[in-house]
Each structure stands twice: as structure tokens, then as C-alpha cells.
>>> print(open('target.cif').read())   # mmCIF, C-alpha atoms and all ligand atoms; chains and numbers go by the auth columns
data_query
loop_
_atom_site.group_PDB
_atom_site.id
_atom_site.type_symbol
_atom_site.label_atom_id
_atom_site.label_comp_id
_atom_site.label_asym_id
_atom_site.label_seq_id
_atom_site.Cartn_x
_atom_site.Cartn_y
_atom_site.Cartn_z
_atom_site.B_iso_or_equiv
_atom_site.auth_seq_id
_atom_site.auth_asym_id
ATOM 1 C CA MET A 1 -24.253 -0.109 1.598 0.00 1 A
ATOM 2 C CA PRO A 2 -23.561 -0.938 5.263 0.00 2 A
ATOM 3 C CA ALA A 3 -21.629 -4.124 5.902 0.00 3 A
ATOM 4 C CA ALA A 4 -23.286 -6.880 7.934 0.00 4 A
ATOM 5 C CA ARG A 5 -20.439 -7.064 10.422 0.00 5 A
ATOM 6 C CA CYS A 6 -17.466 -5.203 11.766 0.00 6 A
ATOM 7 C CA GLU A 7 -14.250 -5.660 9.782 0.00 7 A
ATOM 8 C CA PHE A 8 -12.481 -7.016 12.888 0.00 8 A
ATOM 9 C CA CYS A 9 -15.163 -8.981 14.718 0.00 9 A
ATOM 10 C CA THR A 10 -18.667 -10.338 14.330 0.00 10 A
ATOM 11 C CA ALA A 11 -20.393 -7.343 15.922 0.00 11 A
ATOM 12 C CA HIS A 12 -22.817 -5.225 13.984 0.00 12 A
ATOM 13 C CA PRO A 13 -20.848 -2.276 12.567 0.00 13 A
ATOM 14 C CA ASP A 14 -21.736 1.204 13.774 0.00 14 A
ATOM 15 C CA ARG A 15 -20.174 3.287 11.084 0.00 15 A
ATOM 16 C CA GLU A 16 -17.946 3.501 8.069 0.00 16 A
ATOM 17 C CA PHE A 17 -14.532 4.792 8.952 0.00 17 A
ATOM 18 C CA ALA A 18 -11.614 6.055 6.857 0.00 18 A
ATOM 19 C CA VAL A 19 -8.377 4.238 7.664 0.00 19 A
ATOM 20 C CA SER A 20 -4.863 3.691 6.381 0.00 20 A
ATOM 21 C CA LYS A 21 -3.705 0.090 6.195 0.00 21 A
ATOM 22 C CA TRP A 22 -0.141 -1.191 5.822 0.00 22 A
ATOM 23 C CA LEU A 23 1.932 -4.332 6.204 0.00 23 A
ATOM 24 C CA ASP A 24 5.506 -3.359 7.155 0.00 24 A
ATOM 25 C CA ASP A 25 6.048 0.181 5.994 0.00 25 A
ATOM 26 C CA PRO A 26 3.548 2.874 7.032 0.00 26 A
ATOM 27 C CA ASP A 27 4.670 4.896 3.995 0.00 27 A
ATOM 28 C CA GLU A 28 3.311 2.137 1.769 0.00 28 A
ATOM 29 C CA ARG A 29 -0.206 2.526 3.045 0.00 29 A
ATOM 30 C CA GLU A 30 -3.435 1.736 1.391 0.00 30 A
ATOM 31 C CA ARG A 31 -6.343 4.123 1.997 0.00 31 A
ATOM 32 C CA LEU A 32 -9.726 2.562 2.462 0.00 32 A
ATOM 33 C CA THR A 33 -12.947 2.777 4.410 0.00 33 A
ATOM 34 C CA LEU A 34 -14.034 -0.008 6.736 0.00 34 A
ATOM 35 C CA TRP A 35 -17.243 -0.676 8.621 0.00 35 A
ATOM 36 C CA LEU A 36 -16.368 -0.910 12.311 0.00 36 A
ATOM 37 C CA CYS A 37 -18.166 -1.477 15.583 0.00 37 A
ATOM 38 C CA ASN A 38 -17.728 1.166 18.292 0.00 38 A
ATOM 39 C CA LYS A 39 -15.232 -1.008 20.169 0.00 39 A
ATOM 40 C CA HIS A 40 -12.911 -1.339 17.193 0.00 40 A
ATOM 41 C CA LEU A 41 -13.462 2.247 16.193 0.00 41 A
ATOM 42 C CA ALA A 42 -12.113 3.207 19.627 0.00 42 A
ATOM 43 C CA ARG A 43 -9.180 0.783 19.327 0.00 43 A
ATOM 44 C CA VAL A 44 -8.096 2.045 15.937 0.00 44 A
ATOM 45 C CA THR A 45 -8.427 5.643 17.093 0.00 45 A
ATOM 46 C CA LYS A 46 -6.487 5.020 20.315 0.00 46 A
ATOM 47 C CA ALA A 47 -3.692 3.146 18.546 0.00 47 A
ATOM 48 C CA GLY A 48 -2.659 6.442 16.943 0.00 48 A
ATOM 49 C CA ALA A 49 0.231 6.615 14.502 0.00 49 A
ATOM 50 C CA LYS A 50 1.667 3.201 15.408 0.00 50 A
ATOM 51 C CA GLY A 51 -1.528 1.569 14.219 0.00 51 A
ATOM 52 C CA TYR A 52 -3.889 -1.113 15.416 0.00 52 A
ATOM 53 C CA ALA A 53 -2.481 -4.557 14.601 0.00 53 A
ATOM 54 C CA HIS A 54 -4.858 -7.102 13.101 0.00 54 A
ATOM 55 C CA ASP A 55 -4.131 -10.171 11.002 0.00 55 A
ATOM 56 C CA GLY A 56 -0.566 -9.096 10.169 0.00 56 A
ATOM 57 C CA HIS A 57 -1.613 -5.630 9.043 0.00 57 A
ATOM 58 C CA PHE A 58 -1.753 -2.281 10.789 0.00 58 A
ATOM 59 C CA PHE A 59 -4.623 0.163 10.681 0.00 59 A
ATOM 60 C CA LYS A 60 -4.840 3.764 11.733 0.00 60 A
ATOM 61 C CA ALA A 61 -7.508 6.419 11.614 0.00 61 A
ATOM 62 C CA GLY A 62 -7.457 8.694 8.602 0.00 62 A
ATOM 63 C CA PHE A 63 -5.562 8.689 5.329 0.00 63 A
ATOM 64 C CA TRP A 64 -2.433 10.501 6.543 0.00 64 A
HETATM 65 ZN ZN ZN B . -15.522 -4.934 15.977 0.00 1 B
#
>>> encode(input="target.cif", output="C-alpha cells", more="lines below")
Ligand SMILES: [Zn+2]
Amino acid sequence: MPAARCEFCTAHPDREFAVSKWLDDPDERERLTLWLCNKHLARVTKAGAKGYAHDGHFFKAGFW
């Protein structure tokens, strides 16, 4: 079921996206899918391996 808002802002989400999420150590990542707006989808994608920082966590595209 689509979420009502983007995981990172109040915008309407555009699609569900597979991401890895971690706190300090990228090797200790959690794999999950988030509903994101196009803006945040682009930010997470562009952040690459170093991850997009949000709320003390890091997020990157894909599970690897
Ligand atoms: Zn957003």
C-alpha cells in the first residue's frame, strides 16, 4: 500500500524504493523499502556509497 507521504518530507511519494540504512557502520546495514518523492529519490541516488544523511542515519540506493 502506498504511503501518504515521503519518508523524508511531507511531499506525496512517487515510488517505493529499495534502500540500505545504517547508523555508524555501513556494514551493519538494514535493508528496507521506503516511499520517496522524486526529490528525495534523486538525493539518495546521488549520495552514492557514502549515503544520504537524515535524522542521524544514512541511506543509500539498493541493498548492497
Ligand atoms: Zn521527499
>>> resolve_selection(input="target.cif", expression="the PyMOL selection byres (((chain A and resi 19) around 6) and not hetatm)", output="PDB file with C-alpha atoms, in the coordinates of the input")
ATOM      1  CA  ALA A  18     -11.614   6.055   6.857  1.00  0.00           C
ATOM      2  CA  SER A  20      -4.863   3.691   6.381  1.00  0.00           C
ATOM      3  CA  LEU A  32      -9.726   2.562   2.462  1.00  0.00           C
ATOM      4  CA  THR A  33     -12.947   2.777   4.410  1.00  0.00           C
ATOM      5  CA  LYS A  60      -4.840   3.764  11.733  1.00  0.00           C
ATOM      6  CA  ALA A  61      -7.508   6.419  11.614  1.00  0.00           C
ATOM      7  CA  GLY A  62      -7.457   8.694   8.602  1.00  0.00           C
ATOM      8  CA  PHE A  63      -5.562   8.689   5.329  1.00  0.00           C
TER       9      PHE A  63
END
>>> residues_near_ligand(input="target.cif", ligand="ligand ZN 1 (chain B)", cutoff="6 Å", atoms="only C-alpha atoms and all ligand atoms", output="PDB file with C-alpha atoms, in the coordinates of the input")
ATOM      1  CA  CYS A   6     -17.466  -5.203  11.766  1.00  0.00           C
ATOM      2  CA  PHE A   8     -12.481  -7.016  12.888  1.00  0.00           C
ATOM      3  CA  CYS A   9     -15.163  -8.981  14.718  1.00  0.00           C
ATOM      4  CA  ALA A  11     -20.393  -7.343  15.922  1.00  0.00           C
ATOM      5  CA  LEU A  36     -16.368  -0.910  12.311  1.00  0.00           C
ATOM      6  CA  CYS A  37     -18.166  -1.477  15.583  1.00  0.00           C
ATOM      7  CA  LYS A  39     -15.232  -1.008  20.169  1.00  0.00           C
ATOM      8  CA  HIS A  40     -12.911  -1.339  17.193  1.00  0.00           C
TER       9      HIS A  40
END
>>> resolve_selection(input="target.cif", expression="the PyMOL selection byres (((chain A and resi 30) around 6) and not hetatm)", output="PyMOL selection string")
chain A and resi 20-21+29+31
>>> closest_residue(input="target.cif", among="A:Phe59, A:Gly51, A:Leu34, A:Glu28", to="Ala4 in chain A", atoms="all atoms listed in the file")
A:Leu34
>>> resolve_selection(input="target.cif", expression="the PyMOL selection byres (((chain A and resi 15) around 6) and not hetatm)", output="CSV table (one decimal) with C-alpha atoms, in the frame of the given file")
chain,number,residue,atom,x,y,z
A,13,PRO,CA,-20.8,-2.3,12.6
A,14,ASP,CA,-21.7,1.2,13.8
A,16,GLU,CA,-17.9,3.5,8.1
A,35,TRP,CA,-17.2,-0.7,8.6
A,36,LEU,CA,-16.4,-0.9,12.3
>>> atom_distance(input="target.cif", atom1="CA of His12 in chain A", atom2="CA of Gly48 in chain A")
23.5 Å
>>> axis_aligned_box(input="target.cif", around="range 16-26 of chain A", padding_each_side="8 Å", output="AutoDock Vina command-line options")
--center_x -5.9 --center_y 0.9 --center_z 7.4 --size_x 40.0 --size_y 26.4 --size_z 19.1
>>> atom_distance(input="target.cif", atom1="CA of Phe58 in chain A", atom2="CA of Trp22 in chain A")
5.3 Å
>>> atom_distance(input="target.cif", atom1="CA of Ala3 in chain A", atom2="CA of Gly56 in chain A")
22.1 Å
>>> closest_residue(input="target.cif", among="A:Arg5, A:Trp64, A:Leu41, A:His57", to="Asp25 in chain A", atoms="all atoms listed in the file")
A:His57
>>> decode(input="target.cif", residues="range 19-48 of chain A", atoms="C-alpha atoms", output="mmCIF file, in the first residue's frame")
data_model
loop_
_atom_site.group_PDB
_atom_site.id
_atom_site.type_symbol
_atom_site.label_atom_id
_atom_site.label_comp_id
_atom_site.auth_asym_id
_atom_site.auth_seq_id
_atom_site.Cartn_x
_atom_site.Cartn_y
_atom_site.Cartn_z
ATOM 1 C CA VAL A 19 17.491 1.301 0.248
ATOM 2 C CA SER A 20 20.136 0.340 2.772
ATOM 3 C CA LYS A 21 20.042 2.204 6.067
ATOM 4 C CA TRP A 22 22.777 2.404 8.706
ATOM 5 C CA LEU A 23 23.819 4.398 11.746
ATOM 6 C CA ASP A 24 27.634 4.358 12.016
ATOM 7 C CA ASP A 25 28.855 1.321 10.157
ATOM 8 C CA PRO A 26 27.708 0.767 6.558
ATOM 9 C CA ASP A 27 28.445 -2.948 7.037
ATOM 10 C CA GLU A 28 25.725 -3.054 9.683
ATOM 11 C CA ARG A 29 23.028 -2.006 7.279
ATOM 12 C CA GLU A 30 19.375 -2.666 7.372
ATOM 13 C CA ARG A 31 17.638 -3.364 4.053
ATOM 14 C CA LEU A 32 14.235 -1.847 3.588
ATOM 15 C CA THR A 33 11.951 -0.174 1.098
ATOM 16 C CA LEU A 34 10.805 3.406 1.570
ATOM 17 C CA TRP A 35 8.247 5.542 -0.216
ATOM 18 C CA LEU A 36 10.053 8.609 -1.545
ATOM 19 C CA CYS A 37 9.212 11.714 -3.524
ATOM 20 C CA ASN A 38 11.204 12.342 -6.710
ATOM 21 C CA LYS A 39 13.361 14.957 -4.981
ATOM 22 C CA HIS A 40 14.492 12.579 -2.257
ATOM 23 C CA LEU A 41 14.783 9.720 -4.687
ATOM 24 C CA ALA A 42 17.305 11.852 -6.591
ATOM 25 C CA ARG A 43 19.144 12.818 -3.389
ATOM 26 C CA VAL A 44 19.513 9.263 -2.173
ATOM 27 C CA THR A 45 20.640 8.129 -5.613
ATOM 28 C CA LYS A 46 23.157 10.971 -5.969
ATOM 29 C CA ALA A 47 24.606 10.436 -2.494
ATOM 30 C CA GLY A 48 26.069 7.149 -3.741
#
